[in-house]
$ cat entry.cif   # mmCIF, C-alpha atoms
data_query
loop_
_atom_site.label_atom_id
_atom_site.label_comp_id
_atom_site.auth_asym_id
_atom_site.auth_seq_id
_atom_site.Cartn_x
_atom_site.Cartn_y
_atom_site.Cartn_z
CA MET A 21 83.23 1.13 -55.36
CA ARG A 22 79.74 -0.14 -54.60
CA VAL A 23 78.66 2.65 -52.24
CA PRO A 24 79.65 5.57 -54.53
CA TYR A 25 78.15 3.67 -57.47
CA ASP A 26 74.84 3.28 -55.62
CA HIS A 27 74.86 7.02 -54.78
CA LEU A 28 75.51 7.86 -58.43
CA LEU A 29 72.76 5.49 -59.54
CA ALA A 30 70.26 7.06 -57.12
CA ALA A 31 71.25 10.58 -58.19
CA CYS A 32 70.78 9.79 -61.90
CA ALA A 33 67.56 7.78 -61.51
CA GLU A 34 65.78 10.31 -59.29
CA PRO A 35 65.19 13.01 -61.97
CA LEU A 36 63.93 10.33 -64.39
CA VAL A 37 61.45 8.95 -61.85
CA ARG A 38 60.29 12.50 -61.16
CA ILE A 39 59.39 13.12 -64.81
CA GLY A 40 55.62 13.36 -64.83
CA GLU A 41 55.34 13.86 -61.06
CA ARG A 42 53.45 17.03 -60.13
CA PRO A 43 54.76 17.98 -57.63
CA ALA A 44 58.07 16.09 -57.75
CA VAL A 45 57.93 13.98 -54.60
CA THR A 46 60.29 11.03 -55.11
CA ARG A 47 63.55 10.99 -53.20
CA LEU A 48 66.06 8.19 -53.75
CA ARG A 49 68.92 7.61 -51.36
CA ALA A 50 71.55 4.90 -51.12
CA GLU A 51 71.56 3.32 -47.67
CA GLY A 52 73.52 0.19 -46.81
CA GLU A 53 73.06 -2.35 -49.59
CA SER A 54 69.81 -0.84 -50.88
CA ILE A 55 68.53 2.28 -52.52
CA ILE A 56 65.60 3.55 -50.46
CA VAL A 57 62.55 4.87 -52.30
CA ASP A 58 61.10 7.77 -50.35
CA ARG A 59 58.28 10.17 -51.21
CA SER A 60 57.48 13.40 -49.45
CA ASP A 61 53.78 12.38 -49.50
CA PHE A 62 54.43 9.10 -47.63
CA GLY A 63 53.21 9.08 -44.04
CA PRO A 64 56.04 9.72 -41.58
CA ARG A 65 55.56 6.30 -39.96
CA SER A 66 55.05 4.24 -43.10
CA LYS A 67 57.84 1.88 -44.16
CA ARG A 68 60.05 3.00 -47.09
CA PRO A 69 60.59 0.36 -49.75
CA GLY A 70 64.18 -0.45 -50.64
CA ILE A 71 65.68 -1.96 -53.79
CA PRO A 72 68.89 -3.97 -53.38
CA ALA A 73 71.11 -2.22 -55.93
CA HIS A 74 73.30 -5.30 -56.37
CA ASP A 75 70.33 -7.26 -57.79
CA LEU A 76 70.18 -4.80 -60.69
CA THR A 77 73.87 -4.21 -61.26
CA PHE A 78 75.61 -7.59 -60.85
CA ASN A 79 75.72 -8.13 -64.62
CA VAL A 80 78.94 -6.11 -64.48
CA ILE A 81 80.51 -9.38 -63.25
CA LEU A 82 79.32 -11.18 -66.38
CA LEU A 83 80.48 -8.33 -68.62
CA SER A 84 83.91 -8.21 -66.96
CA THR A 85 84.29 -11.98 -67.25
CA LEU A 86 83.47 -11.93 -70.96
CA PHE A 87 86.03 -9.19 -71.66
CA ALA A 88 88.59 -10.88 -69.38
CA ALA A 89 88.22 -14.10 -71.37
CA GLU A 90 89.37 -12.39 -74.57
CA ARG A 91 92.70 -13.75 -75.83
CA LYS A 92 94.48 -10.41 -75.35
CA THR A 93 92.79 -9.17 -72.17
CA PHE A 94 94.90 -6.04 -71.71
CA SER A 95 95.15 -4.99 -75.34
CA ASN A 96 94.14 -1.39 -76.00
CA ARG A 97 91.13 -2.43 -78.06
CA ASN A 98 89.83 -4.78 -75.38
CA VAL A 99 90.30 -2.27 -72.55
CA VAL A 100 88.69 0.57 -74.53
CA GLY A 101 85.84 -1.74 -75.57
CA PHE A 102 85.33 -2.76 -71.95
CA LEU A 103 85.25 0.85 -70.74
CA LEU A 104 82.74 1.82 -73.43
CA ALA A 105 80.59 -1.19 -72.55
CA VAL A 106 80.67 -0.28 -68.84
CA MET A 107 79.57 3.28 -69.68
CA VAL A 108 76.57 2.01 -71.64
CA LEU A 109 75.89 -0.55 -68.92
CA PHE A 110 75.61 2.27 -66.38
CA PHE A 111 72.76 3.85 -68.38
CA THR A 112 70.96 0.48 -68.53
CA HIS A 113 71.31 0.26 -64.73
CA VAL A 114 69.70 3.68 -64.38
CA PHE A 115 66.76 2.66 -66.60
CA ALA A 116 66.44 -0.68 -64.78
CA PHE A 117 66.30 1.17 -61.51
CA VAL A 118 63.64 3.57 -62.81
CA ALA A 119 61.56 0.57 -63.97
CA SER A 120 61.92 -1.06 -60.53
CA VAL A 121 60.78 2.10 -58.73
CA LYS A 122 57.84 2.49 -61.13
CA SER A 123 56.86 -1.16 -60.64
CA ILE A 124 56.77 -0.56 -56.87
CA TYR A 125 54.54 2.47 -57.44
CA ALA A 126 52.32 0.59 -59.89
CA LEU A 127 51.87 -2.63 -57.91
CA GLN A 128 52.90 -2.45 -54.28
CA LEU A 129 51.20 0.59 -52.81
CA GLY A 130 47.72 -0.93 -52.59
CA ARG A 131 44.79 1.37 -53.37
CA TRP A 132 47.13 4.24 -54.25
CA SER A 133 48.67 2.12 -57.04
CA GLU A 134 45.25 1.25 -58.48
CA VAL A 135 44.17 4.89 -58.50
CA HIS A 136 47.33 6.27 -60.12
CA TYR A 137 48.27 3.47 -62.54
CA GLY A 138 45.90 1.93 -65.10
CA PRO A 139 46.09 -1.72 -66.20
CA ILE A 140 48.38 -0.97 -69.17
CA ALA A 141 50.79 1.08 -67.09
CA ARG A 142 50.81 -1.57 -64.33
CA ASN A 143 51.58 -4.34 -66.81
CA PHE A 144 54.20 -2.26 -68.59
CA TRP A 145 56.20 -1.34 -65.49
CA ALA A 146 55.84 -4.73 -63.83
CA GLY A 147 56.76 -6.48 -67.09
CA SER A 148 59.76 -4.21 -67.69
CA ALA A 149 61.15 -4.73 -64.19
CA HIS A 150 60.55 -8.50 -64.32
CA PHE A 151 62.02 -8.81 -67.82
CA TYR A 152 65.16 -7.01 -66.73
CA ARG A 153 65.63 -9.14 -63.61
CA LEU A 154 64.88 -12.47 -65.29
CA VAL A 155 66.72 -12.26 -68.59
CA GLY A 156 67.40 -8.67 -69.68
CA ILE A 157 70.20 -8.23 -67.16
CA TYR A 158 72.21 -11.00 -68.87
CA ALA A 159 71.14 -10.23 -72.43
CA ILE A 160 72.37 -6.64 -72.04
CA ALA A 161 75.78 -7.74 -70.73
CA PHE A 162 76.19 -10.23 -73.58
CA ALA A 163 74.99 -7.72 -76.21
CA LEU A 164 77.45 -5.07 -74.97
CA TRP A 165 80.33 -7.54 -75.04
CA TRP A 166 79.35 -8.64 -78.54
CA LEU A 167 79.14 -5.02 -79.67
CA PHE A 168 82.34 -3.68 -78.10
CA ARG A 169 84.71 -6.67 -78.16
CA PRO A 170 87.65 -6.44 -80.56
CA ASP A 171 87.08 -8.03 -83.96
CA PRO A 172 88.42 -11.61 -83.86
CA GLU A 173 90.64 -11.12 -86.91
CA THR A 174 92.28 -7.97 -85.51
CA VAL A 175 95.37 -8.74 -83.46
CA ALA A 176 97.96 -6.56 -81.77
CA LEU A 177 101.55 -7.09 -82.92
CA PRO A 178 104.63 -6.15 -80.86
CA ARG A 179 106.71 -3.11 -81.94
CA SER A 180 109.45 -5.26 -83.50
CA ALA A 181 106.89 -6.78 -85.86
CA LYS A 182 105.67 -3.27 -86.72
CA ARG A 183 109.20 -2.19 -87.67
CA LYS A 184 109.73 -5.28 -89.78
CA ARG A 185 106.52 -4.63 -91.62
CA LYS A 186 107.56 -1.02 -92.38
CA LYS A 187 110.81 -2.26 -93.95
CA MET B 10 101.67 -2.15 -80.01
CA ALA B 11 100.42 -1.77 -83.54
CA GLN B 12 97.09 -3.01 -84.76
CA VAL B 13 97.27 -5.05 -87.92
CA LYS B 14 94.24 -6.27 -89.79
CA LEU B 15 94.72 -9.87 -90.90
CA ASP B 16 92.84 -11.42 -93.73
CA ALA B 17 90.22 -13.95 -92.72
CA PRO B 18 90.95 -17.55 -93.77
CA ALA B 19 89.77 -18.30 -97.29
CA GLY B 20 86.10 -19.11 -97.49
CA VAL B 21 85.23 -17.83 -94.00
CA PRO B 22 82.97 -14.82 -94.30
CA LYS B 23 84.59 -11.74 -92.75
CA PRO B 24 82.60 -10.49 -89.74
CA MET B 25 81.14 -7.12 -90.68
CA LYS B 26 79.71 -4.36 -88.53
CA ARG B 27 76.37 -4.76 -90.28
CA ASP B 28 76.32 -8.49 -89.47
CA LYS B 29 77.19 -7.68 -85.87
CA ALA B 30 74.34 -5.17 -85.61
CA LEU B 31 71.92 -7.52 -87.36
CA PHE B 32 72.80 -10.31 -84.96
CA LEU B 33 72.24 -8.02 -81.98
CA ILE B 34 68.86 -6.80 -83.24
CA LYS B 35 67.70 -10.37 -83.87
CA PHE B 36 69.12 -11.55 -80.53
CA LEU B 37 67.49 -8.82 -78.42
CA GLY B 38 64.22 -9.17 -80.36
CA ALA B 39 64.20 -12.93 -79.77
CA VAL B 40 64.92 -12.46 -76.04
CA ILE B 41 61.93 -10.10 -75.72
CA VAL B 42 59.61 -12.40 -77.71
CA LEU B 43 60.64 -15.49 -75.71
CA TYR B 44 60.19 -13.58 -72.45
CA VAL B 45 56.68 -12.49 -73.45
CA ILE B 46 55.80 -16.10 -74.33
CA ILE B 47 56.93 -17.54 -70.98
CA ALA B 48 55.37 -14.62 -69.08
CA LEU B 49 51.89 -15.43 -70.42
CA ASN B 50 49.81 -16.95 -67.63
CA PRO B 51 48.68 -20.08 -69.55
CA VAL B 52 52.28 -20.85 -70.60
CA ASN B 53 53.54 -20.19 -67.08
CA ASP B 54 50.87 -22.37 -65.46
CA ARG B 55 50.93 -25.26 -67.94
CA VAL B 56 54.59 -25.37 -68.96
CA ILE B 57 56.94 -23.40 -66.73
CA VAL B 58 55.56 -24.38 -63.31
CA PRO B 59 55.33 -28.15 -64.08
CA PHE B 60 58.80 -27.99 -65.64
CA THR B 61 60.15 -26.26 -62.51
CA GLN B 62 58.53 -28.97 -60.36
CA ARG B 63 60.33 -31.69 -62.35
CA ILE B 64 63.64 -29.84 -61.97
CA THR B 65 62.97 -29.56 -58.22
CA GLU B 66 62.29 -33.31 -57.97
CA VAL B 67 65.47 -34.21 -59.87
CA SER B 68 67.53 -31.83 -57.69
CA ALA B 69 66.08 -33.36 -54.52
CA GLY B 70 66.82 -36.81 -55.97
CA LEU B 71 70.44 -35.80 -56.47
CA LEU B 72 70.66 -34.59 -52.87
CA ARG B 73 69.20 -37.89 -51.63
CA ALA B 74 71.64 -39.84 -53.81
CA LEU B 75 74.44 -37.92 -52.08
CA GLY B 76 73.13 -38.94 -48.66
CA GLN B 77 71.24 -35.75 -47.81
CA GLN B 78 67.68 -35.79 -46.53
CA ALA B 79 65.43 -33.77 -48.89
CA ASP B 80 61.65 -33.62 -49.29
CA VAL B 81 59.82 -32.05 -52.22
CA ASP B 82 56.57 -30.10 -52.08
CA GLY B 83 55.77 -28.54 -55.46
CA THR B 84 58.71 -26.26 -56.13
CA LEU B 85 59.95 -26.43 -52.52
CA ILE B 86 62.91 -28.53 -51.39
CA ARG B 87 62.86 -29.03 -47.63
CA THR B 88 65.75 -30.28 -45.54
CA GLU B 89 65.96 -30.37 -41.74
CA ARG B 90 67.80 -27.07 -41.66
CA PHE B 91 66.87 -25.23 -44.82
CA THR B 92 64.08 -24.79 -47.37
CA VAL B 93 64.48 -23.56 -50.93
CA ASP B 94 61.73 -22.42 -53.29
CA VAL B 95 62.77 -22.88 -56.92
CA LYS B 96 61.29 -19.95 -58.83
CA ASN B 97 61.68 -18.39 -62.24
CA GLY B 98 65.29 -17.34 -62.45
CA CYS B 99 66.40 -20.54 -60.70
CA ASN B 100 64.89 -23.04 -63.13
CA GLY B 101 67.44 -22.44 -65.89
CA ILE B 102 64.81 -21.08 -68.29
CA GLU B 103 66.59 -17.72 -68.52
CA ALA B 104 69.82 -19.43 -69.62
CA ILE B 105 67.89 -21.45 -72.22
CA ILE B 106 66.20 -18.27 -73.50
CA LEU B 107 69.61 -16.66 -74.05
CA LEU B 108 70.92 -19.76 -75.81
CA VAL B 109 67.85 -20.06 -78.06
CA ALA B 110 67.93 -16.33 -78.89
CA ALA B 111 71.65 -16.36 -79.70
CA ILE B 112 71.51 -19.53 -81.82
CA GLY B 113 68.33 -18.32 -83.50
CA ALA B 114 69.93 -14.98 -84.40
CA PHE B 115 73.10 -16.56 -85.80
CA PRO B 116 73.14 -17.51 -89.49
CA ALA B 117 73.18 -21.33 -89.62
CA PRO B 118 71.21 -24.18 -91.18
CA PRO B 119 68.00 -25.10 -89.28
CA LEU B 120 69.20 -28.59 -88.32
CA MET B 121 72.38 -27.21 -86.79
CA ARG B 122 70.29 -24.75 -84.83
CA VAL B 123 67.92 -27.41 -83.49
CA GLY B 124 70.85 -29.66 -82.56
CA GLY B 125 72.62 -26.81 -80.76
CA ILE B 126 69.51 -25.77 -78.87
CA VAL B 127 68.55 -29.30 -77.76
CA ALA B 128 72.08 -30.32 -76.72
CA GLY B 129 72.68 -26.96 -75.02
CA ALA B 130 69.36 -27.00 -73.15
CA VAL B 131 69.98 -30.53 -71.82
CA LEU B 132 73.49 -29.60 -70.67
CA LEU B 133 72.23 -26.39 -69.06
CA GLN B 134 69.57 -28.26 -67.13
CA LEU B 135 72.10 -30.85 -65.93
CA ILE B 136 74.24 -28.02 -64.59
CA ASN B 137 71.16 -26.32 -63.15
CA VAL B 138 70.25 -29.43 -61.16
CA ILE B 139 73.76 -29.38 -59.68
CA ARG B 140 73.32 -25.67 -58.95
CA ILE B 141 70.04 -26.16 -57.07
CA ALA B 142 71.31 -29.18 -55.12
CA SER B 143 74.53 -27.35 -54.18
CA LEU B 144 72.57 -24.26 -53.08
CA VAL B 145 70.32 -26.36 -50.83
CA TRP B 146 73.43 -27.98 -49.34
CA LEU B 147 75.12 -24.59 -48.87
CA GLY B 148 71.98 -23.15 -47.26
CA ALA B 149 71.85 -26.05 -44.81
CA HIS B 150 75.56 -26.24 -43.99
CA HIS B 151 77.07 -22.83 -44.84
CA PRO B 152 74.22 -20.30 -44.75
CA SER B 153 76.61 -17.34 -44.55
CA VAL B 154 77.74 -17.86 -48.15
CA PHE B 155 74.36 -18.94 -49.56
CA GLN B 156 73.34 -15.49 -50.83
CA MET B 157 76.69 -14.87 -52.54
CA PHE B 158 76.56 -18.22 -54.32
CA HIS B 159 72.86 -17.82 -55.13
CA VAL B 160 72.95 -14.33 -56.63
CA ALA B 161 76.46 -13.71 -57.86
CA ILE B 162 78.37 -16.93 -58.46
CA TRP B 163 75.97 -19.60 -59.69
CA GLN B 164 73.74 -17.18 -61.58
CA THR B 165 76.67 -15.70 -63.47
CA LEU B 166 78.20 -19.14 -64.00
CA ILE B 167 75.10 -20.68 -65.57
CA ILE B 168 74.65 -17.70 -67.89
CA LEU B 169 78.33 -17.92 -68.82
CA VAL B 170 77.89 -21.61 -69.61
CA SER B 171 74.94 -20.70 -71.85
CA LEU B 172 76.97 -18.06 -73.70
CA VAL B 173 80.07 -20.27 -73.95
CA LEU B 174 77.91 -23.06 -75.39
CA PHE B 175 76.66 -20.63 -78.01
CA LEU B 176 80.19 -19.46 -78.83
CA ILE B 177 81.48 -23.03 -79.13
CA TRP B 178 78.52 -23.92 -81.33
CA SER B 179 79.06 -20.87 -83.55
CA TRP B 180 82.83 -21.50 -83.90
CA LYS B 181 82.85 -25.27 -84.23
CA PHE B 182 79.66 -26.18 -86.00
CA ALA B 183 77.83 -23.29 -87.63
CA PRO B 184 80.79 -21.96 -89.71
CA LEU B 185 81.72 -25.46 -90.93
CA LYS B 186 78.21 -26.02 -92.14
CA ARG B 187 78.16 -22.57 -93.69
CA LEU B 188 81.39 -23.31 -95.54
CA ALA B 189 80.04 -26.64 -96.70
CA THR B 190 76.90 -24.99 -98.03
CA SER B 191 78.69 -22.03 -99.64
CA PRO B 192 79.08 -22.22 -103.43
#

$ encode --input "entry.cif" --output "structure tokens"
Amino acid sequence: MRVPYDHLLAACAEPLVRIGERPAVTRLRAEGESIIVDRSDFGPRSKRPGIPAHDLTFNVILLSTLFAAERKTFSNRNVVGFLLAVMVLFFTHVFAFVASVKSIYALQLGRWSEVHYGPIARNFWAGSAHFYRLVGIYAIAFALWWLFRPDPETVALPRSAKRKRKK
Amino acid sequence: MAQVKLDAPAGVPKPMKRDKALFLIKFLGAVIVLYVIIALNPVNDRVIVPFTQRITEVSAGLLRALGQQADVDGTLIRTERFTVDVKNGCNGIEAIILLVAAIGAFPAPPLMRVGGIVAGAVLLQLINVIRIASLVWLGAHHPSVFQMFHVAIWQTLIILVSLVLFLIWSWKFAPLKRLATSP
């Protein structure tokens, strides 16, 4: 699951990172446990930075645990809520990945970073990536569970109870 | 399986979608504000770093009490085989931020909020000390599983504890108080 997910993440994040690039030079590729950030204007011998994808996506464990802890784990409402939450979570992973790539560009490429990113942009991207890693990653999982979990006063009744109620 | 909507017990306000959305907006807003506060350099240097050093000392003390050799240097815990640097993300502040934001966003009397935050923060830090000490021990004796416990297991566990504390507080204490204060 992890390898195809990393490939999907790289494929979706790449066009977003390229927005504003003239020419579009960023290439993202999943390799091992990381997504490698490559640019066609990097020197052929220079090292390519990598972002461990798991560091940005492990909140799926927290989200799954929260849904699994619901009283009726496999009820239709809980399963549908979980699937919707995972879909939204995927988009947050894409944006988190874009912020991580941008923070590498803004802070870690020495003189190039200083020339291409002003102080506001540097603070914004670094702050966004740090916020996500420190607390946003958990806040998002909790918020999605809170939003998509079944209402506490809604319960599923077996078919026999349904028939009795119709009578 | 048929879905049947049950009436909420008398006096307990029925959760509404608007309340749910309002809670989320307040919660996410509070998380961002609290993050900005702790990210400020003066706050980080004068509050967060000294706090992390105290947590490091207590964790090393726990290891020594359990018969392990452990030396402290700032936020570093050194053993013969392994050294750990306790940084933001390992000092339990993120779990406290989530707890404060969730309790702050939930409708409850101020005293109940303060009580929940203080009790929850103390409990979280007690668990965090166990987390740090156990990670140092794992790094020294079972390094192959250190990363898994560090990133996936303990991190998720401490956040879960924070969220469970909030849920218990909201179920057990906040609604009772709300009922008592309702006309």

$ resolve_selection --input "entry.cif" --expression "the PyMOL selection byres ((chain B and resi 69) around 8)" --output "list in words"
Thr65, Glu66, Val67, Ser68, Gly70, Leu71, Leu72, Arg73, Ala79, Asp80, Val81, Ile86 and Ala142 of chain B

$ write_last_selection --input "entry.cif" --atoms "C-alpha atoms" --output "short mmCIF file (atom, residue, chain, number, x, y, z; two decimals), in the frame of the given file"
data_model
loop_
_atom_site.label_atom_id
_atom_site.label_comp_id
_atom_site.auth_asym_id
_atom_site.auth_seq_id
_atom_site.Cartn_x
_atom_site.Cartn_y
_atom_site.Cartn_z
CA THR B 65 62.97 -29.56 -58.22
CA GLU B 66 62.29 -33.31 -57.97
CA VAL B 67 65.47 -34.21 -59.87
CA SER B 68 67.53 -31.83 -57.69
CA GLY B 70 66.82 -36.81 -55.97
CA LEU B 71 70.44 -35.80 -56.47
CA LEU B 72 70.66 -34.59 -52.87
CA ARG B 73 69.20 -37.89 -51.63
CA ALA B 79 65.43 -33.77 -48.89
CA ASP B 80 61.65 -33.62 -49.29
CA VAL B 81 59.82 -32.05 -52.22
CA ILE B 86 62.91 -28.53 -51.39
CA ALA B 142 71.31 -29.18 -55.12
#

$ closest_residue --input "entry.cif" --among "B:Ala117, B:Val93, B:Ala111, B:Leu133" --to "chain A" --atoms "all atoms listed in the file"
B:Ala111

$ atom_distance --input "entry.cif" --atom1 "CA of Leu169 (chain B)" --atom2 "CA of Val114 (chain A)"
23.7 Å

$ atom_distance --input "entry.cif" --atom1 "CA of Val37 (chain A)" --atom2 "CA of Ile41 (chain B)"
23.6 Å

$ atom_distance --input "entry.cif" --atom1 "CA of Pro152 (chain B)" --atom2 "CA of Leu76 (chain A)"
22.6 Å

$ closest_residue --input "entry.cif" --among "A:Ala116, A:Leu86, A:Ala73, A:Val45" --to "chain B" --atoms "all atoms listed in the file"
A:Leu86

$ closest_residue --input "entry.cif" --among "B:Ile112, B:Val127, B:Leu144, B:Leu107" --to "chain A" --atoms "all atoms listed in the file"
B:Leu107

$ residues_near_point --input "entry.cif" --point "(82.1, 0.9, -67.9)" --cutoff "12 Å" --atoms "only C-alpha atoms" --output "ChimeraX atom specification"
/A:25,77,79-81,83-84,87,99-113,161,164-165,168

$ write_last_selection --input "entry.cif" --atoms "C-alpha atoms" --output "PDB file, keeping the file's coordinate frame"
ATOM      1  CA  TYR A  25      78.150   3.670 -57.470  1.00  0.00           C
ATOM      2  CA  THR A  77      73.870  -4.210 -61.260  1.00  0.00           C
ATOM      3  CA  ASN A  79      75.720  -8.130 -64.620  1.00  0.00           C
ATOM      4  CA  VAL A  80      78.940  -6.110 -64.480  1.00  0.00           C
ATOM      5  CA  ILE A  81      80.510  -9.380 -63.250  1.00  0.00           C
ATOM      6  CA  LEU A  83      80.480  -8.330 -68.620  1.00  0.00           C
ATOM      7  CA  SER A  84      83.910  -8.210 -66.960  1.00  0.00           C
ATOM      8  CA  PHE A  87      86.030  -9.190 -71.660  1.00  0.00           C
ATOM      9  CA  VAL A  99      90.300  -2.270 -72.550  1.00  0.00           C
ATOM     10  CA  VAL A 100      88.690   0.570 -74.530  1.00  0.00           C
ATOM     11  CA  GLY A 101      85.840  -1.740 -75.570  1.00  0.00           C
ATOM     12  CA  PHE A 102      85.330  -2.760 -71.950  1.00  0.00           C
ATOM     13  CA  LEU A 103      85.250   0.850 -70.740  1.00  0.00           C
ATOM     14  CA  LEU A 104      82.740   1.820 -73.430  1.00  0.00           C
ATOM     15  CA  ALA A 105      80.590  -1.190 -72.550  1.00  0.00           C
ATOM     16  CA  VAL A 106      80.670  -0.280 -68.840  1.00  0.00           C
ATOM     17  CA  MET A 107      79.570   3.280 -69.680  1.00  0.00           C
ATOM     18  CA  VAL A 108      76.570   2.010 -71.640  1.00  0.00           C
ATOM     19  CA  LEU A 109      75.890  -0.550 -68.920  1.00  0.00           C
ATOM     20  CA  PHE A 110      75.610   2.270 -66.380  1.00  0.00           C
ATOM     21  CA  PHE A 111      72.760   3.850 -68.380  1.00  0.00           C
ATOM     22  CA  THR A 112      70.960   0.480 -68.530  1.00  0.00           C
ATOM     23  CA  HIS A 113      71.310   0.260 -64.730  1.00  0.00           C
ATOM     24  CA  ALA A 161      75.780  -7.740 -70.730  1.00  0.00           C
ATOM     25  CA  LEU A 164      77.450  -5.070 -74.970  1.00  0.00           C
ATOM     26  CA  TRP A 165      80.330  -7.540 -75.040  1.00  0.00           C
ATOM     27  CA  PHE A 168      82.340  -3.680 -78.100  1.00  0.00           C
TER      28      PHE A 168
END

$ resolve_selection --input "entry.cif" --expression "the PyMOL selection byres ((chain B and resi 43-46) around 12)" --output "tab-separated table (two decimals) with C-alpha atoms, in the coordinates of the input"
chain	number	residue	atom	x	y	z
A	143	ASN	CA	51.58	-4.34	-66.81
A	144	PHE	CA	54.20	-2.26	-68.59
A	147	GLY	CA	56.76	-6.48	-67.09
A	148	SER	CA	59.76	-4.21	-67.69
A	150	HIS	CA	60.55	-8.50	-64.32
A	151	PHE	CA	62.02	-8.81	-67.82
A	152	TYR	CA	65.16	-7.01	-66.73
A	153	ARG	CA	65.63	-9.14	-63.61
A	154	LEU	CA	64.88	-12.47	-65.29
A	155	VAL	CA	66.72	-12.26	-68.59
A	156	GLY	CA	67.40	-8.67	-69.68
A	159	ALA	CA	71.14	-10.23	-72.43
B	35	LYS	CA	67.70	-10.37	-83.87
B	36	PHE	CA	69.12	-11.55	-80.53
B	37	LEU	CA	67.49	-8.82	-78.42
B	38	GLY	CA	64.22	-9.17	-80.36
B	39	ALA	CA	64.20	-12.93	-79.77
B	40	VAL	CA	64.92	-12.46	-76.04
B	41	ILE	CA	61.93	-10.10	-75.72
B	42	VAL	CA	59.61	-12.40	-77.71
B	47	ILE	CA	56.93	-17.54	-70.98
B	48	ALA	CA	55.37	-14.62	-69.08
B	49	LEU	CA	51.89	-15.43	-70.42
B	50	ASN	CA	49.81	-16.95	-67.63
B	51	PRO	CA	48.68	-20.08	-69.55
B	52	VAL	CA	52.28	-20.85	-70.60
B	53	ASN	CA	53.54	-20.19	-67.08
B	54	ASP	CA	50.87	-22.37	-65.46
B	56	VAL	CA	54.59	-25.37	-68.96
B	57	ILE	CA	56.94	-23.40	-66.73
B	97	ASN	CA	61.68	-18.39	-62.24
B	98	GLY	CA	65.29	-17.34	-62.45
B	102	ILE	CA	64.81	-21.08	-68.29
B	103	GLU	CA	66.59	-17.72	-68.52
B	104	ALA	CA	69.82	-19.43	-69.62
B	105	ILE	CA	67.89	-21.45	-72.22
B	106	ILE	CA	66.20	-18.27	-73.50
B	107	LEU	CA	69.61	-16.66	-74.05
B	108	LEU	CA	70.92	-19.76	-75.81
B	109	VAL	CA	67.85	-20.06	-78.06
B	110	ALA	CA	67.93	-16.33	-78.89
B	111	ALA	CA	71.65	-16.36	-79.70
B	113	GLY	CA	68.33	-18.32	-83.50

$ residues_around --input "entry.cif" --residues "Gly148 (chain B)" --least-positions-apart "2" --cutoff "12 Å" --atoms "only C-alpha atoms" --output "JSON, numbers by chain"
{"B": [86, 87, 88, 89, 90, 91, 92, 93, 94, 141, 142, 143, 144, 145, 146, 150, 151, 152, 153, 154, 155, 156, 157, 158, 159]}

$ closest_residue --input "entry.cif" --among "A:Phe62, A:Tyr137, A:Trp132, A:Phe162" --to "chain B" --atoms "all atoms listed in the file"
A:Phe162

$ decode --input "entry.cif" --residues "region 144-155 of chain B" --atoms "N, CA and C atoms" --output "mmCIF file, in the first residue's frame"
data_model
loop_
_atom_site.group_PDB
_atom_site.id
_atom_site.type_symbol
_atom_site.label_atom_id
_atom_site.label_comp_id
_atom_site.auth_asym_id
_atom_site.auth_seq_id
_atom_site.Cartn_x
_atom_site.Cartn_y
_atom_site.Cartn_z
ATOM 1 N N LEU B 144 12.042 5.138 25.260
ATOM 2 C CA LEU B 144 12.714 5.268 23.960
ATOM 3 C C LEU B 144 14.234 5.197 24.125
ATOM 4 N N VAL B 145 14.743 5.817 25.195
ATOM 5 C CA VAL B 145 16.188 5.742 25.452
ATOM 6 C C VAL B 145 16.575 4.279 25.692
ATOM 7 N N TRP B 146 15.766 3.592 26.491
ATOM 8 C CA TRP B 146 16.043 2.184 26.784
ATOM 9 C C TRP B 146 15.989 1.339 25.511
ATOM 10 N N LEU B 147 14.963 1.582 24.680
ATOM 11 C CA LEU B 147 14.837 0.838 23.419
ATOM 12 C C LEU B 147 16.021 1.121 22.495
ATOM 13 N N GLY B 148 16.425 2.402 22.424
ATOM 14 C CA GLY B 148 17.562 2.764 21.575
ATOM 15 C C GLY B 148 18.835 2.074 22.018
ATOM 16 N N ALA B 149 18.999 1.901 23.334
ATOM 17 C CA ALA B 149 20.214 1.275 23.862
ATOM 18 C C ALA B 149 20.174 -0.249 23.731
ATOM 19 N N HIS B 150 18.991 -0.831 23.906
ATOM 20 C CA HIS B 150 18.911 -2.300 23.964
ATOM 21 C C HIS B 150 18.264 -2.952 22.734
ATOM 22 N N HIS B 151 17.389 -2.223 22.070
ATOM 23 C CA HIS B 151 16.717 -2.781 20.872
ATOM 24 C C HIS B 151 16.654 -1.707 19.775
ATOM 25 N N PRO B 152 17.811 -1.303 19.264
ATOM 26 C CA PRO B 152 17.830 -0.181 18.300
ATOM 27 C C PRO B 152 17.026 -0.437 17.032
ATOM 28 N N SER B 153 16.816 -1.714 16.692
ATOM 29 C CA SER B 153 16.104 -2.010 15.437
ATOM 30 C C SER B 153 14.641 -1.553 15.493
ATOM 31 N N VAL B 154 14.070 -1.484 16.684
ATOM 32 C CA VAL B 154 12.655 -1.087 16.769
ATOM 33 C C VAL B 154 12.490 0.362 17.258
ATOM 34 N N PHE B 155 13.635 1.033 17.497
ATOM 35 C CA PHE B 155 13.557 2.394 18.046
ATOM 36 C C PHE B 155 12.734 3.320 17.148
#
